[in-house]
Structure formats: structure tokens, C-alpha cells
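**Q** coords.pdb is reproduced in full below (PDB, C-alpha atoms, pLDDT in the B column).
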ATOM      1  CA  MET Q   1      11.156   5.712 -17.978  1.00 63.00           C
ATOM      2  CA  PRO Q   2       9.175   8.574 -19.538  1.00 56.00           C
ATOM      3  CA  LYS Q   3       8.236  11.528 -17.341  1.00 64.00           C
ATOM      4  CA  LYS Q   4       4.804  12.034 -18.899  1.00 86.00           C
ATOM      5  CA  ARG Q   5       1.661  10.025 -18.283  1.00 93.00           C
ATOM      6  CA  HIS Q   6      -0.115   7.472 -20.407  1.00 95.00           C
ATOM      7  CA  LYS Q   7      -3.700   6.391 -19.854  1.00 95.00           C
ATOM      8  CA  ASP Q   8      -2.736   2.700 -20.112  1.00 96.00           C
ATOM      9  CA  VAL Q   9       0.253   2.754 -17.747  1.00 96.00           C
ATOM     10  CA  GLU Q  10       0.218   2.774 -13.943  1.00 97.00           C
ATOM     11  CA  PHE Q  11       2.822   2.245 -11.251  1.00 97.00           C
ATOM     12  CA  ALA Q  12       1.985   0.317  -8.080  1.00 98.00           C
ATOM     13  CA  VAL Q  13       3.802   0.454  -4.730  1.00 98.00           C
ATOM     14  CA  ASP Q  14       2.693  -1.231  -1.504  1.00 97.00           C
ATOM     15  CA  ASP Q  15       2.651   1.271   1.360  1.00 95.00           C
ATOM     16  CA  ALA Q  16       3.920   0.616   4.906  1.00 92.00           C
ATOM     17  CA  SER Q  17       0.688  -1.178   5.831  1.00 94.00           C
ATOM     18  CA  GLY Q  18       0.799  -3.384   2.723  1.00 94.00           C
ATOM     19  CA  ARG Q  19      -1.948  -1.501   0.879  1.00 97.00           C
ATOM     20  CA  GLU Q  20      -1.334  -1.060  -2.843  1.00 97.00           C
ATOM     21  CA  ARG Q  21      -0.957   2.571  -3.925  1.00 98.00           C
ATOM     22  CA  ILE Q  22      -1.337   3.423  -7.610  1.00 98.00           C
ATOM     23  CA  PHE Q  23       0.558   6.287  -9.243  1.00 97.00           C
ATOM     24  CA  LYS Q  24       0.198   7.769 -12.724  1.00 96.00           C
ATOM     25  CA  THR Q  25       3.863   8.761 -13.107  1.00 96.00           C
ATOM     26  CA  PHE Q  26       7.088   6.855 -12.625  1.00 94.00           C
ATOM     27  CA  ASP Q  27       8.647   9.743 -10.690  1.00 94.00           C
ATOM     28  CA  ASP Q  28       5.823   9.797  -8.139  1.00 96.00           C
ATOM     29  CA  ALA Q  29       5.979   6.030  -7.604  1.00 97.00           C
ATOM     30  CA  VAL Q  30       9.763   5.930  -7.239  1.00 96.00           C
ATOM     31  CA  GLY Q  31       9.710   8.900  -4.859  1.00 96.00           C
ATOM     32  CA  PHE Q  32       7.158   7.153  -2.675  1.00 98.00           C
ATOM     33  CA  ALA Q  33       9.089   3.852  -2.709  1.00 98.00           C
ATOM     34  CA  ALA Q  34      12.373   5.634  -1.917  1.00 97.00           C
ATOM     35  CA  ALA Q  35      10.787   7.444   1.030  1.00 96.00           C
ATOM     36  CA  LEU Q  36       9.485   4.128   2.377  1.00 97.00           C
ATOM     37  CA  ALA Q  37      12.871   2.449   1.903  1.00 96.00           C
ATOM     38  CA  ALA Q  38      14.678   5.294   3.641  1.00 94.00           C
ATOM     39  CA  SER Q  39      12.288   5.195   6.579  1.00 93.00           C
ATOM     40  CA  ASP Q  40      12.200   1.430   7.184  1.00 93.00           C
ATOM     41  CA  GLY Q  41      15.421   0.130   5.590  1.00 92.00           C
ATOM     42  CA  ARG Q  42      13.563  -2.477   3.542  1.00 95.00           C
ATOM     43  CA  GLU Q  43      13.374  -3.011  -0.198  1.00 96.00           C
ATOM     44  CA  HIS Q  44      10.189  -1.759  -1.884  1.00 97.00           C
ATOM     45  CA  ASN Q  45       8.968  -2.617  -5.378  1.00 98.00           C
ATOM     46  CA  VAL Q  46       7.608  -0.367  -8.080  1.00 98.00           C
ATOM     47  CA  ASP Q  47       5.434  -2.529 -10.335  1.00 97.00           C
ATOM     48  CA  VAL Q  48       4.924  -1.183 -13.856  1.00 96.00           C
ATOM     49  CA  LEU Q  49       1.384  -2.035 -14.957  1.00 97.00           C
ATOM     50  CA  VAL Q  50       0.747  -1.880 -18.710  1.00 96.00           C
ATOM     51  CA  HIS Q  51      -2.787  -2.253 -20.071  1.00 95.00           C
ATOM     52  CA  SER Q  52      -2.271  -2.003 -23.852  1.00 95.00           C
ATOM     53  CA  GLU Q  53       0.269  -2.176 -26.664  1.00 94.00           C
ATOM     54  CA  ALA Q  54       0.243   1.621 -26.785  1.00 95.00           C
ATOM     55  CA  GLY Q  55       1.106   1.687 -23.090  1.00 95.00           C
ATOM     56  CA  ALA Q  56       3.935  -0.791 -23.655  1.00 94.00           C
ATOM     57  CA  ARG Q  57       5.321   1.379 -26.468  1.00 94.00           C
ATOM     58  CA  PHE Q  58       5.210   4.393 -24.135  1.00 94.00           C
ATOM     59  CA  VAL Q  59       7.152   2.488 -21.463  1.00 93.00           C
ATOM     60  CA  GLY Q  60       9.810   0.833 -23.592  1.00 92.00           C
ATOM     61  CA  GLY Q  61       9.346   1.085 -27.337  1.00 93.00           C
ATOM     62  CA  ASP Q  62       9.135  -1.844 -29.739  1.00 94.00           C
ATOM     63  CA  ASP Q  63      10.864  -4.292 -27.375  1.00 93.00           C
ATOM     64  CA  ALA Q  64       8.268  -3.611 -24.687  1.00 93.00           C
ATOM     65  CA  VAL Q  65       5.462  -4.108 -27.231  1.00 94.00           C
ATOM     66  CA  GLU Q  66       6.887  -7.533 -28.125  1.00 93.00           C
ATOM     67  CA  GLN Q  67       7.113  -8.414 -24.441  1.00 92.00           C
ATOM     68  CA  TYR Q  68       3.501  -7.268 -23.943  1.00 94.00           C
ATOM     69  CA  ARG Q  69       2.323  -9.379 -26.906  1.00 93.00           C
ATOM     70  CA  GLU Q  70       3.978 -12.482 -25.404  1.00 93.00           C
ATOM     71  CA  ASP Q  71       1.744 -12.233 -22.324  1.00 92.00           C
ATOM     72  CA  PRO Q  72      -0.821  -9.402 -22.432  1.00 86.00           C
ATOM     73  CA  ASP Q  73      -2.462 -10.727 -19.253  1.00 87.00           C
ATOM     74  CA  ALA Q  74       0.703 -10.504 -17.138  1.00 89.00           C
ATOM     75  CA  SER Q  75      -0.111  -8.743 -13.896  1.00 87.00           C
ATOM     76  CA  VAL Q  76       3.203  -6.838 -13.847  1.00 94.00           C
ATOM     77  CA  HIS Q  77       5.060  -5.722 -16.978  1.00 93.00           C
ATOM     78  CA  GLU Q  78       8.224  -4.947 -15.031  1.00 93.00           C
ATOM     79  CA  ARG Q  79       9.206  -4.831 -11.338  1.00 96.00           C
ATOM     80  CA  ILE Q  80      11.792  -2.352 -10.094  1.00 97.00           C
ATOM     81  CA  ALA Q  81      13.266  -2.842  -6.615  1.00 98.00           C
ATOM     82  CA  ILE Q  82      14.094   0.299  -4.623  1.00 97.00           C
ATOM     83  CA  ARG Q  83      16.456   0.147  -1.662  1.00 96.00           C
ATOM     84  CA  ALA Q  84      17.946   2.919   0.496  1.00 94.00           C
ATOM     85  CA  GLU Q  85      20.960   2.238   2.668  1.00 88.00           C
ATOM     86  CA  SER Q  86      22.428   4.600   5.220  1.00 84.00           C
ATOM     87  CA  LYS Q  87      26.175   5.016   4.780  1.00 85.00           C
ATOM     88  CA  GLY Q  88      26.619   7.030   7.975  1.00 86.00           C
ATOM     89  CA  ARG Q  89      28.326  10.342   8.368  1.00 90.00           C
ATOM     90  CA  VAL Q  90      30.428  11.704   5.532  1.00 86.00           C
ATOM     91  CA  TYR Q  91      33.487  13.734   6.451  1.00 88.00           C
TER      92      TYR Q  91
END
Can you turn what I pasted into C-alpha cells?
**A**
Amino acid sequence: MPKKRHKDVEFAVDDASGRERIFKTFDDAVGFAAALAASDGREHNVDVLVHSEAGARFVGGDDAVEQYREDPDASVHERIAIRAESKGRVY
């Protein structure tokens, strides 16, 4: 996932109360989801929201543009599940 921003790409994560939080960068969204997962032990999703062909190209190149063209009204372009699992003490 690119580190920069694109005006037609957002990343959504539901917070601990179930409220959707929108982030402009992948790193910010994944960091938030990982912090939630580490604190509650549950899986949290990062939903990639793409609003144009240019946004799809930014996210994943020509393949992502083709996917976008197949269903431009899809609510989520891609969903990434984040899970954190404690492995206990390391010796």
C-alpha cells in the first residue's frame, strides 16, 4: 500500500464503540486497528475505500482499476483484517 495520500482513497476502521473512523493514510489506519486489536484481542478490519479510477490506480495499479471498473459502486474496494495475539514472555 502506498505511503502517500490520494484525494480519492480513504481507509475506514470501526473504533471500540463501533463508530467508523476515517483515515487518509494506510499507515494511520493500520496503526489504529493494530492498537485496538492489541488492547481487546479481537480482529479489526481496515476497509479501503476507493472513489475513482485514479484512486484505484494509486492503491493497486492496473489490476485495481479493472476491479474498480467491474463494480464502481462497491462500498469497500478491499478489506484487510488486523489481529494481534499475545505470545507471552520470550526468554
**Q** Find the residues with any atom within 12 Å of (4.9, 1.6, -27.3); use only C-alpha atoms and the coordinates as given in the file, and write the answer as an NGL selection string.
**A** :Q and (1-2 or 6 or 8-9 or 50-69)
**Q** Save out the residues we just selected, C-alpha atoms, as an mmCIF file, in the frame of the given file.
**A**
data_model
loop_
_atom_site.group_PDB
_atom_site.id
_atom_site.type_symbol
_atom_site.label_atom_id
_atom_site.label_comp_id
_atom_site.auth_asym_id
_atom_site.auth_seq_id
_atom_site.Cartn_x
_atom_site.Cartn_y
_atom_site.Cartn_z
ATOM 1 C CA MET Q 1 11.156 5.712 -17.978
ATOM 2 C CA PRO Q 2 9.175 8.574 -19.538
ATOM 3 C CA HIS Q 6 -0.115 7.472 -20.407
ATOM 4 C CA ASP Q 8 -2.736 2.700 -20.112
ATOM 5 C CA VAL Q 9 0.253 2.754 -17.747
ATOM 6 C CA VAL Q 50 0.747 -1.880 -18.710
ATOM 7 C CA HIS Q 51 -2.787 -2.253 -20.071
ATOM 8 C CA SER Q 52 -2.271 -2.003 -23.852
ATOM 9 C CA GLU Q 53 0.269 -2.176 -26.664
ATOM 10 C CA ALA Q 54 0.243 1.621 -26.785
ATOM 11 C CA GLY Q 55 1.106 1.687 -23.090
ATOM 12 C CA ALA Q 56 3.935 -0.791 -23.655
ATOM 13 C CA ARG Q 57 5.321 1.379 -26.468
ATOM 14 C CA PHE Q 58 5.210 4.393 -24.135
ATOM 15 C CA VAL Q 59 7.152 2.488 -21.463
ATOM 16 C CA GLY Q 60 9.810 0.833 -23.592
ATOM 17 C CA GLY Q 61 9.346 1.085 -27.337
ATOM 18 C CA ASP Q 62 9.135 -1.844 -29.739
ATOM 19 C CA ASP Q 63 10.864 -4.292 -27.375
ATOM 20 C CA ALA Q 64 8.268 -3.611 -24.687
ATOM 21 C CA VAL Q 65 5.462 -4.108 -27.231
ATOM 22 C CA GLU Q 66 6.887 -7.533 -28.125
ATOM 23 C CA GLN Q 67 7.113 -8.414 -24.441
ATOM 24 C CA TYR Q 68 3.501 -7.268 -23.943
ATOM 25 C CA ARG Q 69 2.323 -9.379 -26.906
#
**Q** What lies within 6 Å of stretch 72-87 of chain Q using all atoms listed in the file, ignoring chain neighbours under 4 positions off, as a compact mmCIF listing (two decimals) with C-alpha atoms, keeping the file's coordinate frame?
**A**
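Result saved to out07.txt:
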# COMPACT_ATOMS: atom_id res chain seq x y z
CA ALA Q 37 12.87 2.45 1.90
CA ALA Q 38 14.68 5.29 3.64
CA GLU Q 43 13.37 -3.01 -0.20
CA HIS Q 44 10.19 -1.76 -1.88
CA ASN Q 45 8.97 -2.62 -5.38
CA VAL Q 46 7.61 -0.37 -8.08
CA ASP Q 47 5.43 -2.53 -10.34
CA VAL Q 48 4.92 -1.18 -13.86
CA LEU Q 49 1.38 -2.04 -14.96
CA TYR Q 68 3.50 -7.27 -23.94
**Q** May I ask for the distance between atom CA of Q:Ser17 and atom CA of Q:Leu36, given in Å to one decimal place?
**A**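 Separation between atom CA of Q:Ser17 and atom CA of Q:Leu36: 10.8 Å.
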**Q** Please measure the separation of atom CA of Q:Glu10 and atom CA of Q:Ala29, giving the value in Å to one decimal.
**A**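 Separation of atom CA of Q:Glu10 and atom CA of Q:Ala29: 9.2 Å.
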**Q** Just give me the gap between atom CA of Q:Arg5 and atom CA of Q:Asp28 in Å, one decimal is fine.
**A**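 Atom-to-atom, atom CA of Q:Arg5 and atom CA of Q:Asp28 are spaced 11.0 Å apart.
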**Q** To test your reading of the syntax: which residues would the PyMOL selection byres ((chain Q and resi 25) around 7) return for the file shown? Reply as a ChimeraX atom specification.
**A** /Q:3-5,11,23-24,26-29
**Q** Would you compute, for all listed atoms of stretch 57-65 of chain Q, the axis-aligned bounding box grown by 5 Å on each side, and then report its centre and edge lengths in Å rounded to one decimal, as AutoDock Vina command-line options?
**A**
--center_x 8.0 --center_y 0.1 --center_z -25.6 --size_x 15.7 --size_y 18.7 --size_z 18.3
**Q** Which residue gives the smallest distance to Q:Val30 among Q:Lys7, Q:Arg89, Q:Val13, Q:Glu70, with all atoms listed in the file counted?
**A**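 Counting all atoms listed in the file, the residue closest to Q:Val30 is Q:Val13.
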